[in-house]
Amino acid sequence: MTEPVLRLEALQKSFGALTVTNNVTLEVAAGELHAVIGPNGAGKTTLINQISGLLAPDSGRIVFADQDVTALSAPKRAALGLARSFQITSVLPGFSVLENVALAVQARMGSSFRFFGRASAEEALNTPAMAALGEVGLAARADMLAGYLSHGEKRALELAIALAMEPKLLLLDEPMAGVGREESKRLITMLSRLKGRFPILLVEHDMTAVFALADRISVLIYGQILTSGIPDAVRVDPQVIAAYLGEELE
Amino acid sequence: MSISLLIVQILNGLQLGVLLFLIAAGLTLVFGVMDFINLAHGVQYMLGAYLAVMFYALTGSTLLALVLALLAALAFGLFLEFAVFRHLYERDHLDQVIATFGIILFLNQAVKFVWGAAPLSLPIPEMFSGVVVLMPGLTYPIWRLVIIVCGLAVALLLYVLVSRTRFGMLVRAGANNAAMVSALGVDIRRLFMIVFGFGTMLAGFAGIMIAPILSVEPGMGDTILILAFVVIVIGGIGSIRGAFLAALLIGLADTLGRSFAVDILRLVMTPSPARTVGPAIASMLIYLLMALVLYVRPTGLFPPKGR
Amino acid sequence: MPLPTSIARREWLPVTLFIAFALLPVAAAFDAETYLLGLFMRVMIFAIAALGLDLLVGYGALVSFGHAAFIGIGAYAVAILASHGVTEAAISLPFALAAATAFAWLTGLVCLRTRGVYFIMITLAFGQMAYFFAGSLAPYGGDDGLTIHTRNTLFGLAAFKHERLFYYIVLGCLIGCYVLCRALVASRFGRVFRGARENPTRMVTLGFEIHHYQLMAYMMSGAFGGFAGFLLANASDFVSPAYMSWQRSGELIIMIIFGGIGTLHGAILGTLAFLLLGEWLSGLTEHWKMIFGPLLVLVVLLARGGLIGLASQLATWWRREHIHSPSGFAYALLRLVRSLRVWLDAKIIGLAGPFRSRSRD
């Protein structure tokens, strides 16, 4: 039984009187796709921000790749192999699509304190970048400015950026948000290809995607993990049904 | 170093602090509510002083001159807002800095054009001229006390206005989220204009009050403007309370620093280097203070919440 | 956002400028030589400082309002050493660069913890600090400044004393700095720095400690300023705290905005335009700032992108292509004319109103 890639222990976060993360304990095993679902306002993005290092928890531990990273800054966690995508697409709009990914390759390779030489012409950076773009189907758009991509294409670009980091864990924050049906199907296919290559923690609202992809599902309600288990079990869990159906009736 | 000198310098420090507060309050309000950096705020202060001198020459009565100058400064400020500033609210800060810098160049020169480059002066109103005896052997000019009292009164007035009135509530809401306030049906243009008018009046008032003591000359607003910016950065942008505390802190630190730096240094080093290093450190003191505060709290002592 | 263009198209402007600068002493030999040489030397020196500032402002969105302090520090390093008998450039230059870079490092550590307007204010305040500190240095002239009696020697040769030779040395320095800045912007370092402006959160989650890059860029920018100060001290034989006043810092920002920020060649063009305009206007009237001030306001309101942006807007308008950005001088003129017409129409209809309705009855 190998060590889980990510382990959250009793994570706690409050903003004033509002407790957003309440005693969250979670594990992502090697090679699995673990989905986190929950209604809006459950604290999913806050959780991702704490894992990636943009937000510091009030208490609790985060163990990633056998290291306690709770006190590590976000760049250091990224250097250890933690890649993430953002709920609201976060690319570099003034850079070309290729450069966006090449920057991720550059980050991986270190040695960015080089002051000479045209970075945009470096094969050592561009070749892996093109490979990542090929994986998500954006190779044809390599020279376009990222700001001009369609919403679905930007989503794919975020994925390519994450891939180029050769991650040990992929954190995906609602990659299907705002994406149309066609694009959504493409993204699901892409993600199922990536499944198994890296462990993925997928935060998502789109139930089709979740039940198509997840090996395990954790349900987050009001900052607490309600239950955690295989999709078929979660689907019929009365507590989960009550929590979700309760939401819908209102 | 005697006690009476210390007391006099503390009072002077309070006076400078109060003056800085009058200028910084307008600056921080305008920046907090409208997100507008107004480098030309300093010339507002300078104009107040020049208008006071002009109206005194016209009317012969210092008190009347003060009142008229205040009204004229307000009018001019509103005119500037209407003609130039309101087109800058949507722009980014760099554009605002450049445009208001241009206004400073223009007005500093215009003032030279109209009144000449030589420093002017204004007599203290007779009622308040002369000194008051605080302690045996210790006298202090009445007018400086008047400035301190007026400044504190304005601070109190602002506090009541901002935290106890409906208008103040709109101002605080506007500082937090102007778009939302506008969506709620408040005429945001008018709110901005009123806030700006207030700020401008405060600066003009400061200039008018200081005119009898300082020499009135072109460019007098520039140095005090930088000090005011240091005040609002330390105090936290948008916070009147922060501006008040920071202004008093800066006023006292600067005045006491300049007076006693050499003496304090003489405690640890020989007189000769103390006399060279002393003034150098005194001139840098408030900037070192600012650096210290910002190192610990990069958004000031009372930062804007939720932005 | 600079759009991708071929190198040749982009570099024709700076190359033209450099050739013009190189030919000036030849043209000037016939008339008012010293004056013109002196003027254009100042243009080139301030252009070096402006290049350093454009790196920060244009490519990093770090608006430093205290850049003049670096020029002053470089200049004072030269003057102070000269007053103690040290006039060898091989000593003075490294000293000037080191002093400016050290100041940049110390102040950068504090400044870069802030963002946006706080950054502008704190750089402004540090500039003031340097200004007042220099003014309090009584043994080195205090407020009145310090005269430099001997210019720096270059490895023993009195190269700087020969006006024309010095002019070409400065030109060489400007070209060198320009090439260096271009390389920096295109390098791996430059890409991270530019990325930190576009989207700092994204950069941080990629694994970049952006503070380190910004501090390095701030120090480099300071070094360019110090270099300009070294040259300025030798060109004017004089230093004073006024070199570091916040008005000088403001003027540097104006220079790069005039030309067009984030383009590098705009910094050179803007410096040229600014200083020449100032010279010309001050010749016209003593109160030239009353013209200059409003001109600045108009430039900000109407001509975004500076002269470079203006030129490309007009070129696009001339070619009758669709104008993409809804700003720019040409488009603003069009809009002004159109809105005047609409306003006039409305007024006329308003005037005719009562008569029109009556005629319908």
# chains A, B, ... in the order shown; residues from 1 in each chain; ligands from 1
>>> interface_residues(of="chain C", to="chain A", cutoff="7 Å", atoms="only C-alpha atoms", output="PyMOL selection string")
chain C and resi 1+183-184+186-189+195+198-199+202+204-209
>>> interface_residues(of="chain B", to="chain C", cutoff="6 Å", atoms="only C-alpha atoms", output="list in words")
Asp95, Ala99, Gly102, Ile103, Leu105, Phe106, Gln109, Ala280, Ser283, Met284, Tyr295 and Pro298 of chain B
>>> write_last_selection(atoms="N, CA and C atoms", output="PDB file, in the first residue's frame")
ATOM      1  N   ASP B  95      -1.814  57.432 -15.107  1.00  0.00           N
ATOM      2  CA  ASP B  95      -2.385  58.556 -15.851  1.00  0.00           C
ATOM      3  C   ASP B  95      -2.764  59.694 -14.920  1.00  0.00           C
ATOM      4  N   ALA B  99      -1.278  63.494 -15.107  1.00  0.00           N
ATOM      5  CA  ALA B  99      -2.176  64.621 -15.370  1.00  0.00           C
ATOM      6  C   ALA B  99      -2.148  65.625 -14.225  1.00  0.00           C
ATOM      7  N   GLY B 102       0.895  67.632 -14.255  1.00  0.00           N
ATOM      8  CA  GLY B 102       0.772  68.717 -15.221  1.00  0.00           C
ATOM      9  C   GLY B 102       0.039  69.911 -14.629  1.00  0.00           C
ATOM     10  N   ILE B 103      -0.988  69.640 -13.838  1.00  0.00           N
ATOM     11  CA  ILE B 103      -1.734  70.715 -13.182  1.00  0.00           C
ATOM     12  C   ILE B 103      -0.822  71.469 -12.218  1.00  0.00           C
ATOM     13  N   LEU B 105       2.462  71.833 -12.428  1.00  0.00           N
ATOM     14  CA  LEU B 105       3.361  72.672 -13.228  1.00  0.00           C
ATOM     15  C   LEU B 105       2.651  73.948 -13.642  1.00  0.00           C
ATOM     16  N   PHE B 106       1.429  73.756 -14.156  1.00  0.00           N
ATOM     17  CA  PHE B 106       0.663  74.893 -14.645  1.00  0.00           C
ATOM     18  C   PHE B 106       0.377  75.895 -13.536  1.00  0.00           C
ATOM     19  N   GLN B 109       3.336  77.814 -11.978  1.00  0.00           N
ATOM     20  CA  GLN B 109       3.774  78.862 -12.886  1.00  0.00           C
ATOM     21  C   GLN B 109       2.753  79.994 -12.947  1.00  0.00           C
ATOM     22  N   ALA B 280      21.405  65.351   8.913  1.00  0.00           N
ATOM     23  CA  ALA B 280      21.156  64.371   7.849  1.00  0.00           C
ATOM     24  C   ALA B 280      20.126  63.356   8.314  1.00  0.00           C
ATOM     25  N   SER B 283      16.598  64.837   8.659  1.00  0.00           N
ATOM     26  CA  SER B 283      15.845  65.020   7.420  1.00  0.00           C
ATOM     27  C   SER B 283      15.303  63.704   6.899  1.00  0.00           C
ATOM     28  N   MET B 284      15.957  62.608   7.261  1.00  0.00           N
ATOM     29  CA  MET B 284      15.513  61.317   6.728  1.00  0.00           C
ATOM     30  C   MET B 284      14.548  60.622   7.676  1.00  0.00           C
ATOM     31  N   TYR B 295       7.179  48.208   6.149  1.00  0.00           N
ATOM     32  CA  TYR B 295       7.808  46.893   6.141  1.00  0.00           C
ATOM     33  C   TYR B 295       6.969  45.920   6.959  1.00  0.00           C
ATOM     34  N   PRO B 298       2.360  46.450   5.053  1.00  0.00           N
ATOM     35  CA  PRO B 298       2.477  47.061   3.721  1.00  0.00           C
ATOM     36  C   PRO B 298       1.282  47.888   3.279  1.00  0.00           C
TER      37      PRO B 298
END
>>> residues_around(residues="Phe21 (chain C)", least_positions_apart="6", cutoff="12 Å", atoms="only C-alpha atoms", output="PDB file with N, CA and C atoms, in the first residue's frame")
ATOM      1  N   PRO C  14      14.876  53.307 -33.585  1.00  0.00           N
ATOM      2  CA  PRO C  14      16.061  53.589 -32.777  1.00  0.00           C
ATOM      3  C   PRO C  14      17.320  53.713 -33.624  1.00  0.00           C
ATOM      4  N   VAL C  15      17.437  52.900 -34.661  1.00  0.00           N
ATOM      5  CA  VAL C  15      18.629  53.007 -35.517  1.00  0.00           C
ATOM      6  C   VAL C  15      18.694  54.391 -36.148  1.00  0.00           C
ATOM      7  N   ALA C  27      26.949  68.110 -38.115  1.00  0.00           N
ATOM      8  CA  ALA C  27      26.046  69.186 -38.541  1.00  0.00           C
ATOM      9  C   ALA C  27      26.230  70.424 -37.687  1.00  0.00           C
ATOM     10  N   ALA C  28      26.517  70.173 -36.406  1.00  0.00           N
ATOM     11  CA  ALA C  28      26.560  71.304 -35.491  1.00  0.00           C
ATOM     12  C   ALA C  28      27.847  72.096 -35.598  1.00  0.00           C
ATOM     13  N   LEU C  36      24.439  72.863 -28.820  1.00  0.00           N
ATOM     14  CA  LEU C  36      23.736  71.692 -29.324  1.00  0.00           C
ATOM     15  C   LEU C  36      24.348  70.401 -28.802  1.00  0.00           C
ATOM     16  N   LEU C  37      25.691  70.358 -28.803  1.00  0.00           N
ATOM     17  CA  LEU C  37      26.343  69.161 -28.273  1.00  0.00           C
ATOM     18  C   LEU C  37      25.908  68.915 -26.833  1.00  0.00           C
ATOM     19  N   LEU C  39      23.212  69.957 -25.313  1.00  0.00           N
ATOM     20  CA  LEU C  39      21.800  69.604 -25.228  1.00  0.00           C
ATOM     21  C   LEU C  39      21.578  68.129 -25.561  1.00  0.00           C
ATOM     22  N   PHE C  40      22.148  67.703 -26.690  1.00  0.00           N
ATOM     23  CA  PHE C  40      21.920  66.324 -27.097  1.00  0.00           C
ATOM     24  C   PHE C  40      22.639  65.328 -26.207  1.00  0.00           C
ATOM     25  N   MET C  41      23.723  65.767 -25.596  1.00  0.00           N
ATOM     26  CA  MET C  41      24.377  64.881 -24.642  1.00  0.00           C
ATOM     27  C   MET C  41      23.453  64.649 -23.448  1.00  0.00           C
ATOM     28  N   ARG C  42      22.808  65.722 -23.009  1.00  0.00           N
ATOM     29  CA  ARG C  42      21.839  65.575 -21.910  1.00  0.00           C
ATOM     30  C   ARG C  42      20.703  64.648 -22.323  1.00  0.00           C
ATOM     31  N   VAL C  43      20.254  64.790 -23.578  1.00  0.00           N
ATOM     32  CA  VAL C  43      19.181  63.916 -24.058  1.00  0.00           C
ATOM     33  C   VAL C  43      19.617  62.464 -23.944  1.00  0.00           C
ATOM     34  N   MET C  44      20.826  62.182 -24.411  1.00  0.00           N
ATOM     35  CA  MET C  44      21.281  60.790 -24.409  1.00  0.00           C
ATOM     36  C   MET C  44      21.461  60.261 -22.988  1.00  0.00           C
ATOM     37  N   ARG C 164      33.817  66.476 -28.072  1.00  0.00           N
ATOM     38  CA  ARG C 164      33.300  65.620 -29.138  1.00  0.00           C
ATOM     39  C   ARG C 164      33.508  64.151 -28.823  1.00  0.00           C
ATOM     40  N   TYR C 167      31.101  63.065 -26.320  1.00  0.00           N
ATOM     41  CA  TYR C 167      29.795  62.920 -26.939  1.00  0.00           C
ATOM     42  C   TYR C 167      29.629  61.533 -27.530  1.00  0.00           C
ATOM     43  N   TYR C 168      30.666  61.082 -28.282  1.00  0.00           N
ATOM     44  CA  TYR C 168      30.563  59.771 -28.908  1.00  0.00           C
ATOM     45  C   TYR C 168      30.653  58.639 -27.898  1.00  0.00           C
ATOM     46  N   ILE C 169      31.392  58.887 -26.811  1.00  0.00           N
ATOM     47  CA  ILE C 169      31.430  57.882 -25.750  1.00  0.00           C
ATOM     48  C   ILE C 169      30.030  57.706 -25.166  1.00  0.00           C
ATOM     49  N   VAL C 170      29.364  58.838 -24.905  1.00  0.00           N
ATOM     50  CA  VAL C 170      28.013  58.770 -24.353  1.00  0.00           C
ATOM     51  C   VAL C 170      27.070  58.071 -25.327  1.00  0.00           C
ATOM     52  N   LEU C 171      27.225  58.390 -26.620  1.00  0.00           N
ATOM     53  CA  LEU C 171      26.378  57.730 -27.618  1.00  0.00           C
ATOM     54  C   LEU C 171      26.599  56.225 -27.588  1.00  0.00           C
ATOM     55  N   GLY C 172      27.884  55.833 -27.508  1.00  0.00           N
ATOM     56  CA  GLY C 172      28.192  54.408 -27.415  1.00  0.00           C
ATOM     57  C   GLY C 172      27.539  53.776 -26.201  1.00  0.00           C
ATOM     58  N   LEU C 174      24.826  54.793 -24.708  1.00  0.00           N
ATOM     59  CA  LEU C 174      23.376  54.710 -24.930  1.00  0.00           C
ATOM     60  C   LEU C 174      23.033  53.497 -25.785  1.00  0.00           C
ATOM     61  N   ILE C 175      23.789  53.322 -26.879  1.00  0.00           N
ATOM     62  CA  ILE C 175      23.517  52.182 -27.754  1.00  0.00           C
ATOM     63  C   ILE C 175      23.708  50.881 -26.979  1.00  0.00           C
ATOM     64  N   ILE C 268      13.638  56.529 -25.479  1.00  0.00           N
ATOM     65  CA  ILE C 268      14.612  57.424 -26.102  1.00  0.00           C
ATOM     66  C   ILE C 268      13.901  58.548 -26.833  1.00  0.00           C
ATOM     67  N   LEU C 269      12.878  58.178 -27.598  1.00  0.00           N
ATOM     68  CA  LEU C 269      12.123  59.173 -28.349  1.00  0.00           C
ATOM     69  C   LEU C 269      11.458  60.174 -27.418  1.00  0.00           C
ATOM     70  N   LEU C 272      13.926  62.631 -25.951  1.00  0.00           N
ATOM     71  CA  LEU C 272      14.278  63.615 -26.975  1.00  0.00           C
ATOM     72  C   LEU C 272      13.174  64.661 -27.106  1.00  0.00           C
TER      73      LEU C 272
END
>>> residues_around(residues="Ile217 (chain A)", least_positions_apart="2", cutoff="9 Å", atoms="only C-alpha atoms", output="mmCIF file with N, CA and C atoms, in the first residue's frame")
data_model
loop_
_atom_site.group_PDB
_atom_site.id
_atom_site.type_symbol
_atom_site.label_atom_id
_atom_site.label_comp_id
_atom_site.auth_asym_id
_atom_site.auth_seq_id
_atom_site.Cartn_x
_atom_site.Cartn_y
_atom_site.Cartn_z
ATOM 1 N N LEU A 33 -8.040 9.399 -9.399
ATOM 2 C CA LEU A 33 -8.693 10.679 -9.643
ATOM 3 C C LEU A 33 -9.744 10.839 -8.552
ATOM 4 N N HIS A 34 -9.484 11.767 -7.663
ATOM 5 C CA HIS A 34 -10.347 11.963 -6.503
ATOM 6 C C HIS A 34 -11.140 13.238 -6.716
ATOM 7 N N ALA A 35 -12.462 13.102 -6.751
ATOM 8 C CA ALA A 35 -13.299 14.272 -7.002
ATOM 9 C C ALA A 35 -13.850 14.816 -5.691
ATOM 10 N N VAL A 36 -13.934 16.144 -5.617
ATOM 11 C CA VAL A 36 -14.570 16.796 -4.470
ATOM 12 C C VAL A 36 -15.785 17.535 -4.991
ATOM 13 N N ILE A 37 -16.949 17.153 -4.498
ATOM 14 C CA ILE A 37 -18.172 17.829 -4.954
ATOM 15 C C ILE A 37 -18.851 18.486 -3.765
ATOM 16 N N VAL A 210 -17.988 14.163 -13.175
ATOM 17 C CA VAL A 210 -17.548 13.540 -11.926
ATOM 18 C C VAL A 210 -17.776 12.040 -11.950
ATOM 19 N N PHE A 211 -18.979 11.618 -12.295
ATOM 20 C CA PHE A 211 -19.262 10.187 -12.246
ATOM 21 C C PHE A 211 -18.603 9.431 -13.390
ATOM 22 N N ALA A 214 -14.337 9.902 -11.783
ATOM 23 C CA ALA A 214 -13.772 9.748 -10.440
ATOM 24 C C ALA A 214 -13.582 8.306 -10.014
ATOM 25 N N ASP A 215 -12.439 8.068 -9.331
ATOM 26 C CA ASP A 215 -12.236 6.788 -8.665
ATOM 27 C C ASP A 215 -12.853 6.847 -7.277
ATOM 28 N N VAL A 219 -17.552 14.448 -0.484
ATOM 29 C CA VAL A 219 -18.613 15.440 -0.550
ATOM 30 C C VAL A 219 -18.366 16.507 0.507
ATOM 31 N N THR A 227 -19.023 12.782 3.471
ATOM 32 C CA THR A 227 -18.709 11.378 3.269
ATOM 33 C C THR A 227 -17.692 11.254 2.151
ATOM 34 N N SER A 228 -17.056 10.092 2.095
ATOM 35 C CA SER A 228 -15.999 9.879 1.115
ATOM 36 C C SER A 228 -16.057 8.428 0.690
ATOM 37 N N GLY A 229 -16.023 8.177 -0.628
ATOM 38 C CA GLY A 229 -16.078 6.764 -1.031
ATOM 39 C C GLY A 229 -16.161 6.608 -2.527
ATOM 40 N N ILE A 230 -16.431 5.381 -2.989
ATOM 41 C CA ILE A 230 -16.497 5.150 -4.432
ATOM 42 C C ILE A 230 -17.796 5.730 -4.979
ATOM 43 N N PRO A 231 -17.791 6.119 -6.249
ATOM 44 C CA PRO A 231 -18.945 6.829 -6.845
ATOM 45 C C PRO A 231 -20.275 6.134 -6.617
ATOM 46 N N VAL A 234 -21.469 6.730 -3.090
ATOM 47 C CA VAL A 234 -21.843 8.121 -2.832
ATOM 48 C C VAL A 234 -23.171 8.452 -3.499
#
>>> select_by_dssp(residues="region 24-157 of chain B", states="helix (DSSP H, G or I)", output="PDB file with C-alpha atoms, in the first residue's frame")
ATOM      1  CA  ALA B  24      -4.062  64.466   4.380  1.00  0.00           C
ATOM      2  CA  ALA B  25      -7.730  64.095   5.313  1.00  0.00           C
ATOM      3  CA  GLY B  26      -8.871  65.503   1.984  1.00  0.00           C
ATOM      4  CA  LEU B  27      -6.301  63.441   0.142  1.00  0.00           C
ATOM      5  CA  THR B  28      -7.237  60.186   1.827  1.00  0.00           C
ATOM      6  CA  LEU B  29     -10.971  60.797   1.415  1.00  0.00           C
ATOM      7  CA  VAL B  30     -10.622  61.469  -2.282  1.00  0.00           C
ATOM      8  CA  PHE B  31      -8.378  58.511  -2.766  1.00  0.00           C
ATOM      9  CA  GLY B  32     -10.449  56.238  -0.620  1.00  0.00           C
ATOM     10  CA  VAL B  33     -13.803  57.069  -2.172  1.00  0.00           C
ATOM     11  CA  MET B  34     -12.879  57.826  -5.766  1.00  0.00           C
ATOM     12  CA  HIS B  41      -3.891  68.710  -3.746  1.00  0.00           C
ATOM     13  CA  GLY B  42      -0.774  70.604  -2.699  1.00  0.00           C
ATOM     14  CA  VAL B  43      -1.503  73.481  -5.032  1.00  0.00           C
ATOM     15  CA  GLN B  44      -4.969  73.645  -3.486  1.00  0.00           C
ATOM     16  CA  TYR B  45      -3.220  74.401  -0.212  1.00  0.00           C
ATOM     17  CA  MET B  46      -0.991  76.964  -1.907  1.00  0.00           C
ATOM     18  CA  LEU B  47      -3.963  78.639  -3.566  1.00  0.00           C
ATOM     19  CA  GLY B  48      -5.691  78.985  -0.223  1.00  0.00           C
ATOM     20  CA  ALA B  49      -2.726  80.940   1.060  1.00  0.00           C
ATOM     21  CA  TYR B  50      -2.476  83.136  -2.043  1.00  0.00           C
ATOM     22  CA  LEU B  51      -6.199  83.852  -2.047  1.00  0.00           C
ATOM     23  CA  ALA B  52      -6.016  84.874   1.603  1.00  0.00           C
ATOM     24  CA  VAL B  53      -3.228  87.326   0.787  1.00  0.00           C
ATOM     25  CA  MET B  54      -5.164  88.667  -2.181  1.00  0.00           C
ATOM     26  CA  PHE B  55      -8.419  89.189  -0.291  1.00  0.00           C
ATOM     27  CA  TYR B  56      -6.563  90.879   2.544  1.00  0.00           C
ATOM     28  CA  ALA B  57      -5.093  93.298   0.057  1.00  0.00           C
ATOM     29  CA  LEU B  58      -8.606  93.935  -1.270  1.00  0.00           C
ATOM     30  CA  THR B  59     -10.554  94.157   1.963  1.00  0.00           C
ATOM     31  CA  THR B  62      -7.781  89.514   7.836  1.00  0.00           C
ATOM     32  CA  LEU B  63     -10.851  87.705   9.103  1.00  0.00           C
ATOM     33  CA  LEU B  64     -12.927  88.650   6.098  1.00  0.00           C
ATOM     34  CA  ALA B  65     -10.044  87.641   3.872  1.00  0.00           C
ATOM     35  CA  LEU B  66      -9.942  84.219   5.490  1.00  0.00           C
ATOM     36  CA  VAL B  67     -13.628  83.602   4.890  1.00  0.00           C
ATOM     37  CA  LEU B  68     -13.591  84.844   1.302  1.00  0.00           C
ATOM     38  CA  ALA B  69     -10.462  82.856   0.543  1.00  0.00           C
ATOM     39  CA  LEU B  70     -12.096  79.682   1.806  1.00  0.00           C
ATOM     40  CA  LEU B  71     -15.083  80.183  -0.475  1.00  0.00           C
ATOM     41  CA  ALA B  72     -12.893  81.052  -3.441  1.00  0.00           C
ATOM     42  CA  ALA B  73     -10.662  78.024  -2.855  1.00  0.00           C
ATOM     43  CA  LEU B  74     -13.726  75.800  -2.761  1.00  0.00           C
ATOM     44  CA  ALA B  75     -15.038  77.311  -5.968  1.00  0.00           C
ATOM     45  CA  PHE B  76     -11.746  76.861  -7.749  1.00  0.00           C
ATOM     46  CA  GLY B  77     -11.415  73.310  -6.548  1.00  0.00           C
ATOM     47  CA  LEU B  78     -14.863  72.424  -7.827  1.00  0.00           C
ATOM     48  CA  PHE B  79     -14.020  74.036 -11.134  1.00  0.00           C
ATOM     49  CA  LEU B  80     -10.882  71.900 -11.441  1.00  0.00           C
ATOM     50  CA  GLU B  81     -12.935  68.830 -10.598  1.00  0.00           C
ATOM     51  CA  PHE B  82     -15.473  69.640 -13.259  1.00  0.00           C
ATOM     52  CA  ALA B  83     -12.987  70.595 -15.945  1.00  0.00           C
ATOM     53  CA  PHE B  85     -10.450  65.595 -12.650  1.00  0.00           C
ATOM     54  CA  ARG B  86     -13.728  63.906 -13.321  1.00  0.00           C
ATOM     55  CA  HIS B  87     -12.346  62.683 -16.645  1.00  0.00           C
ATOM     56  CA  HIS B  93      -3.154  55.677 -11.338  1.00  0.00           C
ATOM     57  CA  LEU B  94      -0.216  56.396 -13.595  1.00  0.00           C
ATOM     58  CA  ASP B  95      -2.385  58.556 -15.851  1.00  0.00           C
ATOM     59  CA  GLN B  96      -3.767  60.372 -12.814  1.00  0.00           C
ATOM     60  CA  VAL B  97      -0.265  61.021 -11.487  1.00  0.00           C
ATOM     61  CA  ILE B  98       0.904  62.489 -14.795  1.00  0.00           C
ATOM     62  CA  ALA B  99      -2.176  64.621 -15.370  1.00  0.00           C
ATOM     63  CA  THR B 100      -2.200  66.080 -11.867  1.00  0.00           C
ATOM     64  CA  PHE B 101       1.549  66.624 -12.164  1.00  0.00           C
ATOM     65  CA  GLY B 102       0.772  68.717 -15.221  1.00  0.00           C
ATOM     66  CA  ILE B 103      -1.734  70.715 -13.182  1.00  0.00           C
ATOM     67  CA  ILE B 104       0.950  71.381 -10.574  1.00  0.00           C
ATOM     68  CA  LEU B 105       3.361  72.672 -13.228  1.00  0.00           C
ATOM     69  CA  PHE B 106       0.663  74.893 -14.645  1.00  0.00           C
ATOM     70  CA  LEU B 107      -0.574  76.329 -11.345  1.00  0.00           C
ATOM     71  CA  ASN B 108       2.863  76.858  -9.814  1.00  0.00           C
ATOM     72  CA  GLN B 109       3.774  78.862 -12.886  1.00  0.00           C
ATOM     73  CA  ALA B 110       0.400  80.631 -13.044  1.00  0.00           C
ATOM     74  CA  VAL B 111       0.820  81.790  -9.486  1.00  0.00           C
ATOM     75  CA  LYS B 112       4.227  83.204 -10.409  1.00  0.00           C
ATOM     76  CA  PHE B 113       2.638  84.859 -13.406  1.00  0.00           C
ATOM     77  CA  VAL B 114      -0.131  86.525 -11.428  1.00  0.00           C
ATOM     78  CA  TRP B 115       1.540  87.372  -8.146  1.00  0.00           C
ATOM     79  CA  GLU B 126      -5.228  91.238  15.580  1.00  0.00           C
ATOM     80  CA  MET B 127      -7.469  89.262  17.892  1.00  0.00           C
ATOM     81  CA  PHE B 128      -5.055  86.369  17.832  1.00  0.00           C
ATOM     82  CA  ILE B 142      -1.669  82.468  20.169  1.00  0.00           C
ATOM     83  CA  TRP B 143      -2.191  81.941  16.444  1.00  0.00           C
ATOM     84  CA  ARG B 144      -0.351  78.630  16.532  1.00  0.00           C
ATOM     85  CA  LEU B 145      -2.645  77.539  19.365  1.00  0.00           C
ATOM     86  CA  VAL B 146      -5.596  78.632  17.249  1.00  0.00           C
ATOM     87  CA  ILE B 147      -4.357  76.390  14.445  1.00  0.00           C
ATOM     88  CA  ILE B 148      -4.069  73.446  16.813  1.00  0.00           C
ATOM     89  CA  VAL B 149      -7.536  74.014  18.222  1.00  0.00           C
ATOM     90  CA  CYS B 150      -9.095  74.491  14.790  1.00  0.00           C
ATOM     91  CA  GLY B 151      -7.402  71.394  13.489  1.00  0.00           C
ATOM     92  CA  LEU B 152      -8.642  69.274  16.374  1.00  0.00           C
ATOM     93  CA  ALA B 153     -12.123  70.713  15.945  1.00  0.00           C
ATOM     94  CA  VAL B 154     -12.116  69.799  12.264  1.00  0.00           C
ATOM     95  CA  ALA B 155     -10.916  66.306  13.159  1.00  0.00           C
ATOM     96  CA  LEU B 156     -13.806  65.921  15.572  1.00  0.00           C
ATOM     97  CA  LEU B 157     -16.231  67.302  13.012  1.00  0.00           C
TER      98      LEU B 157
END
>>> residues_around(residues="Gln67 (chain A)", least_positions_apart="2", cutoff="12 Å", atoms="only C-alpha atoms", output="list in words")
Glu3, Pro4, Val5, Leu6, Arg7, Leu8, Arg61, Ile62, Val63, Phe64, Ala65, Val69, Thr70, Ala71, Leu72, Lys76, Arg77, Leu80 and Gly81 of chain A
>>> residues_around(residues="region 12-21 of chain B", least_positions_apart="5", cutoff="8 Å", atoms="only C-alpha atoms", output="list in words")
Arg144, Leu145, Ile147, Ile148, Gly151, Leu152, Ala206, Ile224, Leu227, Ala228, Val231, Ala243, Phe244, Ala247, Leu248, Leu249, Ile250, Gly251, Leu252, Ala253, Asp254, Thr255 and Leu256 of chain B
>>> residues_around(residues="Leu191 (chain A)", least_positions_apart="4", cutoff="8 Å", atoms="only C-alpha atoms", output="ChimeraX atom specification")
/A:187,195,213
